[in-house]
>>> print(open('model.cif').read())   # mmCIF, C-alpha atoms and all ligand atoms
data_start
loop_
_atom_site.label_atom_id
_atom_site.label_comp_id
_atom_site.auth_asym_id
_atom_site.auth_seq_id
_atom_site.Cartn_x
_atom_site.Cartn_y
_atom_site.Cartn_z
CA MET A 1 19.23 11.74 161.83
CA LYS A 2 15.98 12.07 163.36
CA ASP A 3 14.82 14.11 160.49
CA ASP A 4 16.03 11.48 158.13
CA GLN A 5 14.36 8.82 160.09
CA THR A 6 11.33 10.87 160.25
CA ASN A 7 11.47 11.42 156.57
CA GLN A 8 12.13 7.80 156.01
CA SER A 9 9.32 6.81 158.19
CA ARG A 10 7.18 9.29 156.46
CA HIS A 11 8.45 8.20 153.12
CA GLY A 12 8.06 4.56 154.18
CA ALA A 13 4.57 5.32 155.17
CA TRP A 14 3.92 7.06 151.96
CA LEU A 15 5.48 4.02 150.20
CA HIS A 16 3.16 1.82 152.04
CA VAL A 17 0.25 4.03 151.20
CA GLN A 18 1.08 4.66 147.62
CA PRO A 19 0.49 1.17 146.31
CA ARG A 20 -2.82 1.21 147.93
CA LEU A 21 -3.73 4.47 146.24
CA ASP A 22 -2.44 3.18 143.02
CA LEU A 23 -4.54 0.15 143.44
CA GLN A 24 -7.47 2.24 144.16
CA ALA A 25 -6.66 4.36 141.21
CA ALA A 26 -6.09 1.27 139.19
CA GLY A 27 -9.28 -0.20 140.51
CA VAL A 28 -11.10 2.88 139.56
CA TYR A 29 -9.55 2.93 136.31
CA LEU A 30 -10.17 -0.72 135.78
CA GLY A 31 -13.99 -0.33 136.62
CA GLU A 32 -14.53 2.73 134.46
CA GLY A 33 -15.81 0.81 131.48
CA SER A 34 -18.29 -1.10 133.38
CA GLN A 35 -19.05 1.95 135.45
CA LYS A 36 -19.77 3.88 132.30
CA LYS A 37 -21.95 1.10 131.16
CA HIS A 38 -23.56 1.00 134.56
CA TYR A 39 -23.92 4.73 134.58
CA ALA A 40 -25.40 4.70 131.08
CA LYS A 41 -27.71 1.95 132.04
CA SER A 42 -28.64 3.75 135.19
CA GLN A 43 -29.10 6.95 133.30
CA THR A 44 -31.27 5.15 130.77
CA GLU A 45 -33.26 3.65 133.56
CA ASN A 46 -33.54 7.02 135.20
CA GLU A 47 -34.64 8.61 131.98
CA GLY A 48 -37.24 5.82 131.48
CA GLY A 49 -38.45 6.27 135.03
CA SER A 50 -38.67 9.99 134.54
CA ARG A 51 -40.66 9.51 131.38
CA CYS A 52 -42.96 7.13 133.20
CA LEU A 53 -43.33 9.59 135.98
CA VAL A 54 -43.97 12.39 133.54
CA LEU A 55 -46.42 10.19 131.70
CA ILE A 56 -48.17 9.19 134.92
CA THR A 57 -48.17 12.79 136.05
CA VAL A 58 -49.62 13.91 132.76
CA CYS A 59 -52.21 11.16 132.90
CA LEU A 60 -53.10 12.01 136.45
CA GLY A 61 -53.28 15.66 135.47
CA LEU A 62 -55.52 14.82 132.56
CA ILE A 63 -57.69 12.67 134.80
CA CYS A 64 -57.86 15.49 137.32
CA VAL A 65 -58.77 17.92 134.57
CA LEU A 66 -61.37 15.54 133.22
CA LEU A 67 -62.73 14.97 136.71
CA LEU A 68 -62.83 18.70 137.26
CA VAL A 69 -64.62 19.23 133.97
CA PHE A 70 -67.00 16.39 134.80
CA ILE A 71 -67.68 17.85 138.24
CA ILE A 72 -68.23 21.30 136.76
CA LEU A 73 -70.57 19.88 134.11
CA LEU A 74 -72.37 17.82 136.73
CA HIS A 75 -72.73 20.87 138.93
CA ILE A 76 -74.06 22.90 136.00
CA THR A 77 -76.46 20.12 135.10
CA ILE A 78 -77.70 19.71 138.66
CA THR A 79 -78.04 23.46 139.06
CA ALA A 80 -79.87 23.74 135.75
CA GLU A 81 -82.13 20.83 136.67
CA ARG A 82 -82.86 22.39 140.06
CA ASP A 83 -83.62 25.70 138.40
CA LEU A 84 -85.85 23.93 135.90
CA LYS A 85 -87.66 22.13 138.70
CA LYS A 86 -88.10 25.42 140.50
CA ILE A 87 -89.40 27.09 137.33
CA TYR A 88 -91.64 24.10 136.65
CA LYS A 89 -92.98 24.21 140.21
CA ASN A 90 -93.63 27.94 139.95
CA THR A 91 -95.27 27.47 136.56
CA VAL A 92 -97.48 24.68 137.90
CA GLU A 93 -98.49 26.83 140.87
CA GLU A 94 -99.27 29.77 138.60
CA PHE A 95 -101.19 27.44 136.28
CA ASN A 96 -103.18 26.02 139.20
CA GLN A 97 -103.89 29.53 140.48
CA THR A 98 -105.02 30.54 136.99
CA ILE A 99 -107.22 27.44 136.75
CA ASN A 100 -108.76 28.15 140.15
CA SER A 101 -109.31 31.76 139.21
CA LEU A 102 -110.92 30.73 135.93
CA GLN A 103 -113.12 28.21 137.73
CA ASP A 104 -114.21 30.91 140.18
CA ASN A 105 -114.92 33.25 137.29
CA TYR A 106 -116.83 30.50 135.49
CA THR A 107 -118.90 29.81 138.61
CA ASP A 108 -119.63 33.52 139.01
CA LEU A 109 -120.52 33.84 135.34
CA THR A 110 -122.76 30.77 135.54
CA GLN A 111 -124.58 32.22 138.53
CA GLN A 112 -124.89 35.58 136.79
CA ASN A 113 -126.14 33.80 133.68
CA LEU A 114 -128.76 31.93 135.70
CA ALA A 115 -129.80 35.15 137.39
CA LEU A 116 -130.04 36.89 134.02
CA GLU A 117 -132.01 33.99 132.55
CA THR A 118 -134.42 34.14 135.47
CA LYS A 119 -134.66 37.90 135.04
CA VAL A 120 -135.28 37.53 131.31
CA LYS A 121 -137.94 34.90 132.01
CA ASN A 122 -139.64 37.16 134.53
CA LEU A 123 -139.41 40.11 132.16
CA ASN A 124 -140.89 38.03 129.35
CA ALA A 125 -143.74 36.94 131.60
CA GLU A 126 -144.24 40.55 132.64
CA LYS A 127 -144.13 41.63 129.02
CA LYS A 128 -146.75 39.05 128.04
CA GLN A 129 -148.95 40.14 130.92
CA LEU A 130 -148.54 43.78 129.86
CA GLU A 131 -149.39 42.82 126.28
CA ARG A 132 -152.49 41.03 127.50
CA ASP A 133 -153.46 44.03 129.61
CA TYR A 134 -152.78 46.31 126.65
CA ASP A 135 -154.93 44.13 124.40
CA SER A 136 -157.64 44.12 127.03
CA LEU A 137 -157.57 47.88 127.19
CA ASN A 138 -157.60 48.26 123.44
CA LYS A 139 -160.08 45.54 122.59
CA THR A 140 -163.35 46.77 123.89
CA CYS A 141 -165.81 44.26 125.20
CA THR A 142 -168.43 44.44 122.51
CA PHE A 143 -171.81 42.78 122.41
CA SER A 144 -173.17 42.45 118.93
CA PHE A 145 -176.93 42.30 118.74
CA PHE A 146 -178.08 40.95 115.39
CA MET A 147 -181.38 42.33 114.21
CA SER A 148 -181.31 41.21 110.58
CA THR A 149 -182.71 37.72 110.97
CA GLU A 150 -183.64 34.99 113.42
CA LEU A 151 -181.87 31.66 113.82
CA SER A 152 -182.05 28.52 115.98
CA TRP A 153 -179.79 28.41 119.07
CA SER A 154 -177.17 26.21 117.34
CA GLU A 155 -177.20 28.34 114.19
CA SER A 156 -176.78 31.49 116.27
CA LYS A 157 -173.84 29.99 118.15
CA GLN A 158 -172.20 28.97 114.87
CA TYR A 159 -172.76 32.41 113.42
CA CYS A 160 -170.95 34.02 116.36
CA ARG A 161 -168.07 31.57 116.14
CA ASP A 162 -167.72 32.15 112.41
CA HIS A 163 -167.17 35.82 113.28
CA GLY A 164 -164.55 35.26 115.99
CA ALA A 165 -166.98 35.53 118.88
CA ASP A 166 -169.46 33.39 120.78
CA LEU A 167 -172.95 33.63 122.17
CA ALA A 168 -172.95 35.97 125.17
CA ILE A 169 -172.00 34.53 128.53
CA ILE A 170 -173.71 36.39 131.36
CA ASN A 171 -171.79 35.53 134.49
CA THR A 172 -172.05 38.83 136.32
CA GLU A 173 -174.95 41.01 137.38
CA LEU A 174 -173.32 43.90 135.55
CA LYS A 175 -173.51 42.11 132.22
CA GLN A 176 -177.06 40.96 132.96
CA ARG A 177 -178.18 44.50 133.67
CA PHE A 178 -176.29 45.89 130.70
CA ILE A 179 -177.67 43.48 128.10
CA SER A 180 -181.17 43.44 129.51
CA SER A 181 -181.37 47.21 129.42
CA LEU A 182 -180.15 47.55 125.86
CA VAL A 183 -181.73 44.78 123.79
CA LYS A 184 -185.33 45.28 122.83
CA GLU A 185 -186.19 41.81 121.63
CA ILE A 186 -185.87 38.28 122.91
CA VAL A 187 -182.32 36.96 122.21
CA TRP A 188 -180.43 33.72 122.58
CA ILE A 189 -177.69 33.71 125.21
CA GLY A 190 -174.90 31.13 125.39
CA LEU A 191 -176.50 28.85 127.99
CA SER A 192 -178.11 25.40 127.54
CA ASP A 193 -178.51 21.95 129.08
CA ILE A 194 -178.18 20.19 125.72
CA GLN A 195 -175.33 17.94 126.88
CA GLN A 196 -177.03 16.74 130.06
CA GLU A 197 -180.57 17.52 131.12
CA GLY A 198 -180.70 19.81 134.15
CA ILE A 199 -176.98 20.70 134.00
CA MET A 200 -176.76 24.20 132.56
CA LYS A 201 -173.49 25.00 130.85
CA TRP A 202 -172.16 28.04 129.00
CA VAL A 203 -170.75 27.79 125.49
CA ASP A 204 -167.22 27.80 126.91
CA ASN A 205 -168.23 24.66 128.88
CA SER A 206 -168.19 26.48 132.22
CA THR A 207 -171.02 25.70 134.62
CA LEU A 208 -173.70 28.17 135.66
CA ASN A 209 -173.10 29.83 139.02
CA GLN A 210 -175.79 32.47 139.11
CA GLY A 211 -178.97 32.47 137.03
CA PHE A 212 -181.42 35.29 136.36
CA TRP A 213 -184.47 33.09 135.74
CA GLU A 214 -188.06 34.04 135.30
CA SER A 215 -190.26 32.64 137.99
CA ASN A 216 -190.75 28.84 137.70
CA GLU A 217 -188.00 28.56 135.14
CA PRO A 218 -186.21 26.57 133.90
CA ASN A 219 -189.04 24.07 133.66
CA ASP A 220 -188.00 21.94 130.62
CA ALA A 221 -191.60 22.07 129.46
CA GLY A 222 -192.55 19.05 127.39
CA GLY A 223 -189.08 17.64 128.11
CA ASN A 224 -187.79 19.61 125.16
CA GLU A 225 -186.53 22.92 126.52
CA ASP A 226 -182.74 22.96 126.57
CA CYS A 227 -181.71 26.42 125.26
CA ILE A 228 -181.94 29.71 127.12
CA GLU A 229 -183.38 32.99 125.90
CA LEU A 230 -183.31 36.41 127.51
CA ASN A 231 -186.54 38.39 127.41
CA PRO A 232 -185.87 42.13 128.01
CA SER A 233 -189.54 42.79 128.61
CA LYS A 234 -189.33 40.89 131.90
CA PRO A 235 -187.72 42.18 135.08
CA LEU A 236 -184.05 43.07 134.65
CA LEU A 237 -182.74 40.33 136.92
CA ASN A 238 -185.42 37.72 136.21
CA ASN A 239 -185.77 37.30 132.47
CA TRP A 240 -184.26 33.92 131.49
CA ASN A 241 -186.32 31.01 130.21
CA ASP A 242 -185.54 27.61 128.73
CA VAL A 243 -187.23 26.94 125.40
CA PRO A 244 -186.83 24.49 122.53
CA CYS A 245 -183.47 25.00 120.78
CA THR A 246 -185.12 24.94 117.38
CA ASN A 247 -187.03 28.16 118.07
CA LYS A 248 -185.98 31.11 115.91
CA ARG A 249 -184.60 34.06 117.80
CA LYS A 250 -182.34 37.02 117.32
CA TRP A 251 -179.07 36.55 119.16
CA ILE A 252 -176.26 38.43 120.83
CA CYS A 253 -172.56 37.68 120.41
CA GLU A 254 -169.71 38.96 122.54
CA ASN A 255 -166.02 39.61 121.88
CA TYR A 256 -163.37 39.61 124.66
CA CYS A 257 -166.03 40.01 127.31
CA ASP A 258 -165.54 36.67 128.97
CA ARG A 259 -161.94 37.42 129.88
CA LEU A 260 -162.81 40.89 131.07
CA SER A 261 -165.57 39.49 133.24
CA ASN A 262 -162.84 38.46 135.66
CA LEU A 263 -161.70 42.08 136.00
CA ASP A 264 -163.32 44.89 137.88
CA VAL A 265 -165.50 45.71 134.94
CA SER A 266 -167.40 48.37 136.82
CA GLN A 267 -164.26 50.49 137.05
CA GLN A 268 -162.11 49.63 134.07
CA THR A 269 -164.24 48.30 131.31
CA VAL A 270 -166.67 50.11 129.14
CA LEU A 271 -169.25 47.72 127.72
CA HIS A 272 -170.37 48.41 124.20
CA LEU A 273 -173.41 47.17 122.41
CA LYS A 274 -173.17 47.11 118.66
CA VAL A 275 -176.52 46.67 117.07
CA ILE A 276 -176.29 45.14 113.61
CA PHE A 277 -179.24 45.57 111.30
CA CA B 1 -183.87 21.07 129.53
CA CA B 2 -189.16 26.97 130.12
#
>>> encode(input="model.cif", output="C-alpha cells", more="lines below")
Ligand SMILES: [Ca+2]
Ligand SMILES: [Ca+2]
Amino acid sequence: MKDDQTNQSRHGAWLHVQPRLDLQAAGVYLGEGSQKKHYAKSQTENEGGSRCLVLITVCLGLICVLLLVFIILLHITITAERDLKKIYKNTVEEFNQTINSLQDNYTDLTQQNLALETKVKNLNAEKKQLERDYDSLNKTCTFSFFMSTELSWSESKQYCRDHGADLAIINTELKQRFISSLVKEIVWIGLSDIQQEGIMKWVDNSTLNQGFWESNEPNDAGGNEDCIELNPSKPLLNNWNDVPCTNKRKWICENYCDRLSNLDVSQQTVLHLKVIF
C-alpha cells in the first residue's frame, strides 16, 4: 500500500510536473519561430558588428602601418638632414681652413714678391752703377788739343760740343798740372764770366772753386775780358788770364773727364792728351 501510495504520490507529482514541462516544451516550441528570427537577427547583427570590428581593426592597422611608415620616413629624413648639416658644417670648416691657408699663402707670396721686387730694384741699380763704372774704365778721359786753327772762345766751345765734348774744365790740380805740362801754346779753357761780370762759371754752369790765375788776374782789362785762356809758358799753377772772348786761340776739349774728376784720378784714371793737327 505504501508503495502504491508512494507511487501514486510520485506519479501524482509527476502528473503535476508534467503539464508544466509540457508547457515549457510548448512554450519553447511556440517561441521557436520568433526565436529563429531573433537568432537570425542577432546573428546578422553579430556578423555586422564583426565586420565593423574587422573593418575598424583593419583601418587601425592601416593607420598604424601608415604611422609607422611616416615615423620611419621622418626618422630617415631627420637623420639625413642631420647628416647633411654635419657634412655641410665640415665642408664649411674645411672651406674656411682652405681660405685661411690660401690667404696666408697669398700674404707670404706678396711679401716674397715685394722682397724680390726690392732685390730686383737694388740689382738694377747695382747693374747701372757697374755699367757706369765699366764705361768709366773703358772710356778714357781724353783731352783733345786742336792745333789746326784758331777760333774765338764761343766758336771753340761750339766745336767741342759738335764733337760730343766740351771745353776743358780744370777743377783739380791734377788736371791743371797735366794740361799745363802738355800743351805748348795758349789755349781756351771752359771758363768765363760772360753771363755775369766777376762770376766765373765753367761751361757746365758750375762755379769756380779753385783758380790757377796769373798774378793780378783776372783783371777784366778795358771791361771787356770775360773768357779765360791758359798760357803754358807761365808757371804751372799760375797761368790763367781773362782776355776778350773774340780773341783767336787754339783750344782744348775733353771727353768724360768731368765725371772722372770726382774719382781718385791719381790712382785709377790715366789722362790722355790727343793732339790733333
Ligand atoms: Ca770779365
Ligand atoms: Ca786779364
>>> closest_residue(input="model.cif", among="A:Asn219, A:Asn113, A:Asn239, A:Ser180", to="ligand CA 1 (chain B)", atoms="all atoms listed in the file")
A:Asn219
>>> residues_near_ligand(input="model.cif", ligand="ligand CA 1 (chain B)", cutoff="9 Å", atoms="only C-alpha atoms and all ligand atoms", output="short mmCIF file (atom, residue, chain, number, x, y, z; two decimals) with C-alpha atoms, keeping the file's coordinate frame")
data_model
loop_
_atom_site.label_atom_id
_atom_site.label_comp_id
_atom_site.auth_asym_id
_atom_site.auth_seq_id
_atom_site.Cartn_x
_atom_site.Cartn_y
_atom_site.Cartn_z
CA SER A 192 -178.11 25.40 127.54
CA ASP A 193 -178.51 21.95 129.08
CA ILE A 194 -178.18 20.19 125.72
CA GLN A 196 -177.03 16.74 130.06
CA GLU A 197 -180.57 17.52 131.12
CA GLY A 198 -180.70 19.81 134.15
CA ILE A 199 -176.98 20.70 134.00
CA MET A 200 -176.76 24.20 132.56
CA PRO A 218 -186.21 26.57 133.90
CA ASN A 219 -189.04 24.07 133.66
CA ASP A 220 -188.00 21.94 130.62
CA ALA A 221 -191.60 22.07 129.46
CA GLY A 223 -189.08 17.64 128.11
CA ASN A 224 -187.79 19.61 125.16
CA GLU A 225 -186.53 22.92 126.52
CA ASP A 226 -182.74 22.96 126.57
CA CYS A 227 -181.71 26.42 125.26
CA ASP A 242 -185.54 27.61 128.73
CA VAL A 243 -187.23 26.94 125.40
CA PRO A 244 -186.83 24.49 122.53
#
>>> atom_distance(input="model.cif", atom1="CA of Leu114 in chain A", atom2="CA of Asn100 in chain A")
20.8 Å
>>> atom_distance(input="model.cif", atom1="CA of Asn247 in chain A", atom2="atom CA of ligand CA 2 (chain B)")
12.3 Å
>>> atom_distance(input="model.cif", atom1="CA of Ile72 in chain A", atom2="CA of Leu53 in chain A")
27.5 Å
>>> closest_residue(input="model.cif", among="A:Cys245, A:Ala115, A:Val183, A:Leu174", to="ligand CA 2 (chain B)", atoms="all atoms listed in the file")
A:Cys245
>>> closest_residue(input="model.cif", among="A:Asn238, A:Gln158, A:Asn216, A:Thr118", to="ligand CA 2 (chain B)", atoms="all atoms listed in the file")
A:Asn216
>>> closest_residue(input="model.cif", among="A:Leu109, A:Leu68, A:Ile189, A:Leu102", to="Val203 in chain A", atoms="only C-alpha atoms")
A:Ile189
>>> closest_residue(input="model.cif", among="A:Ala168, A:Ile186, A:Leu230, A:Val54", to="Met147 in chain A", atoms="all atoms listed in the file")
A:Ile186
>>> residues_near_point(input="model.cif", point="(-184.6, 28.2, 115.8)", cutoff="7 Å", atoms="all atoms listed in the file", output="MDAnalysis selection string")
chainID A and resid 151:153 245:249
>>> residues_around(input="model.cif", residues="Glu254 in chain A", least_positions_apart="3", cutoff="6 Å", atoms="only C-alpha atoms", output="list in words")
Thr142, Phe143, Ala165, Asp166 and Ala168 of chain A
>>> closest_residue(input="model.cif", among="A:Gly190, A:Gly211, A:Gly222, A:Gly48", to="ligand CA 2 (chain B)", atoms="all atoms listed in the file")
A:Gly222
>>> residues_around(input="model.cif", residues="Gln176 in chain A", least_positions_apart="6", cutoff="9 Å", atoms="only C-alpha atoms", output="PyMOL selection string")
chain A and resi 170+212+236-237
>>> decode(input="model.cif", residues="range 200-235 of chain A", atoms="C-alpha atoms", output="CSV table (one decimal), in the first residue's frame")
chain,number,residue,atom,x,y,z
A,200,MET,CA,133.4,132.8,-63.2
A,201,LYS,CA,131.5,129.8,-64.4
A,202,TRP,CA,132.5,126.6,-66.2
A,203,VAL,CA,130.8,125.5,-69.4
A,204,ASP,CA,128.7,123.0,-67.4
A,205,ASN,CA,127.4,126.0,-65.4
A,206,SER,CA,129.3,125.0,-62.2
A,207,THR,CA,131.0,127.8,-60.3
A,208,LEU,CA,134.8,128.1,-59.9
A,209,ASN,CA,136.2,126.8,-56.7
A,210,GLN,CA,139.9,127.0,-57.3
A,211,GLY,CA,141.6,129.2,-59.8
A,212,PHE,CA,145.2,129.0,-61.1
A,213,TRP,CA,145.5,132.7,-62.1
A,214,GLU,CA,148.5,134.6,-63.2
A,215,SER,CA,149.4,137.4,-60.8
A,216,ASN,CA,146.9,140.3,-60.9
A,217,GLU,CA,144.4,138.3,-62.9
A,218,PRO,CA,141.6,138.2,-63.7
A,219,ASN,CA,141.6,142.0,-64.2
A,220,ASP,CA,138.8,142.5,-66.8
A,221,ALA,CA,141.0,144.9,-68.6
A,222,GLY,CA,139.1,147.5,-70.5
A,223,GLY,CA,135.9,146.0,-69.1
A,224,ASN,CA,136.0,143.5,-72.0
A,225,GLU,CA,137.8,140.4,-70.7
A,226,ASP,CA,135.3,137.6,-70.0
A,227,CYS,CA,137.0,134.4,-71.4
A,228,ILE,CA,139.8,132.5,-69.9
A,229,GLU,CA,143.0,131.3,-71.6
A,230,LEU,CA,145.7,129.0,-70.3
A,231,ASN,CA,149.3,130.0,-71.1
A,232,PRO,CA,151.7,127.0,-70.7
A,233,SER,CA,154.7,129.3,-70.8
A,234,LYS,CA,153.7,130.7,-67.3
A,235,PRO,CA,154.2,128.9,-64.0
